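Below is one structure, written out as structure tokens, with a few remarks after it.
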Amino acid sequence: MPSERPGKGLGAYLPPIHDRRFWFTQGLVLVVSIAHAVVHIAVGGLPDVLVLILYTFPVIYAALEFGFRGSVATTALIVVLSLPFVIHDALSGVGSDFVGHLVELAILVVVAPVVGRVVESERAARRAHEVAEIRYRALFEASGVPALVLDEQGCIQEANPAAASLLQGELQGRHLSQVLGMAAADAILGGDPPQRLDVSSGLALRPIVSAAVGEAGERLAQVLFQDVTEETAGSRRTRAFALAVLVAQEDERRRIAQELHDEALQLVVELRRRVERVVRSSPPDCAGGEELLAARSLADAVIEELRTVAVRLRPPDLADLGLTASLERLVAEARRRGTPAEIEVEGREPALPPDFALSLYRVAQEALTNAEHHARAQHVGLRLDFSDSSAVLVVEDDGVGFVVGDAAASEANAHLGLLGMRERLQLVGGTLEITSAVGEGTTVAAAVRL
Ligand SMILES: Nc1ncnc2c1ncn2[C@@H]1O[C@H](COP(=O)(O)OP(=O)(O)OP(=O)(O)O)[C@@H](O)[C@H]1O
Ligand SMILES: [Mg+2]
């Protein structure tokens, strides 16, 4: 039985004269008043408390049906109809009746609006709740995003149509683990939902969990499943492209290393052999002897340099050797060159994807080279830290340091080492952090998530 809605502003205070139920209430007041008059004439009046109780019925009915304006209008009619009794009592000099009537009216005048207001605000709150519930339900039912509502034990209390068609079969009443598997259910209920969940339909979903409250105040959890199939495929494509770039770059380096070795190096070796032959066949104090010896040393130096470059260009066999052993070799070579480098390894090296291992290797190589060329360090430390979920490489020196922002600006020129490190890490979804300050050494930290 919907009641007439009060308007806004003045309308909220006007009696609902277009509603028949309002006139029914006023009729009730009239009946009580006539009965009061008849009894008054016949036997000299009714007890005030009884009159008050009889009037209370229409007032409360009006308050329940129409709120504040209903209760006030009804009370106003009661006051008007009671005036003849009050005036009669006043004129007939029956002081107690007069006071009784006044108290009766005063109680009604005070209580009626309060009851009206309370009823009105209760009703407004209930209406707001109903509207919110209707909106929520419409959203829940019509949403294309699969959604489940779980109780505290993880049983499905509600599932929207999108969830029903995605997860197939009857969902209500089943435990989440029966639908998504034990591991996924444990992670979701434990508050640490997985970033990606592969379901049988071939979709990749990301569960988003939020707290909810049931009608009886019990704690619930709402789980929305965001479709990340495209995103996942996109990041797979990016990974594949990054891998292809790395592989192509390393192939190119290997080819250049091979060419250096097979051509340039062989030419210089031949040159050195000829110089050596001339040195041997010339008398010890012949003219130009010194120059010949210098040319031989120069040829030795070029051979050494070409070999070093070729070795550095050629990627080590990381799959066979592993990252740890490859970095140990790198450090041993640096020590042979007189660099005070050391390596420390925490944890056991897991089977790293080849692009991850190569990126970390190249970062270590560049950071070590930078330390050798620029830092003038007393100590260079390489640290590898393996856990189940990550591999972290830290290269630290106690050298002269530099302003990282300035170096980043110089990356735009010819210095590509730092830039290359960053890009390599980005390609494999890792992070690179370079910390340095003039006089305070440098730390390069690279991390990849496994
Ligand atoms: N460990 C370090 N200690 C001090 N300065 C460093 C260190 N690493 C880098 N720098 C500074 O940052 C600059 C940029 O380094 P980056 O590796 O990008 O270029 P580069 O080593 O000069 O040249 P390349 O392109 O051959 O690597 C360097 O020129 C050097 O001034
Ligand atoms: Mg460099």
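Please note that chains go A, B, ... in the order of the structure tokens, that every chain numbers its residues from 1, and that ligands are numbered from 1 in the order shown.
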
* To do: Could you report the residues within 6 Å of ligand 1, using only C-alpha atoms and all ligand atoms, as a ChimeraX atom specification?
  => /A:370-371,374-375,399-402,407,411,415-418,442

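Residue neighbourhood of Ile208 in chain A, excluding near-sequence residues (fewer than 6 positions): Pro193, Val223, Leu224, Phe225 and Gln226 of chain A, at 8 Å, using only C-alpha atoms.
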
* Selected residue of minimal separation from Ala437 in chain A among A:Leu306, A:Leu384, A:Ala37, A:Val404, counting only C-alpha atoms -> A:Val404

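Distances to Leu77 in chain A were evaluated for A:Ile17, A:Glu104, A:Gln26, A:Arg424 using only C-alpha atoms, and the minimum falls at A:Gln26.
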
* **Interatomic distance (Å, one decimal) between CA of Glu120 in chain A and CA of Asp48 in chain A** => 28.5 Å
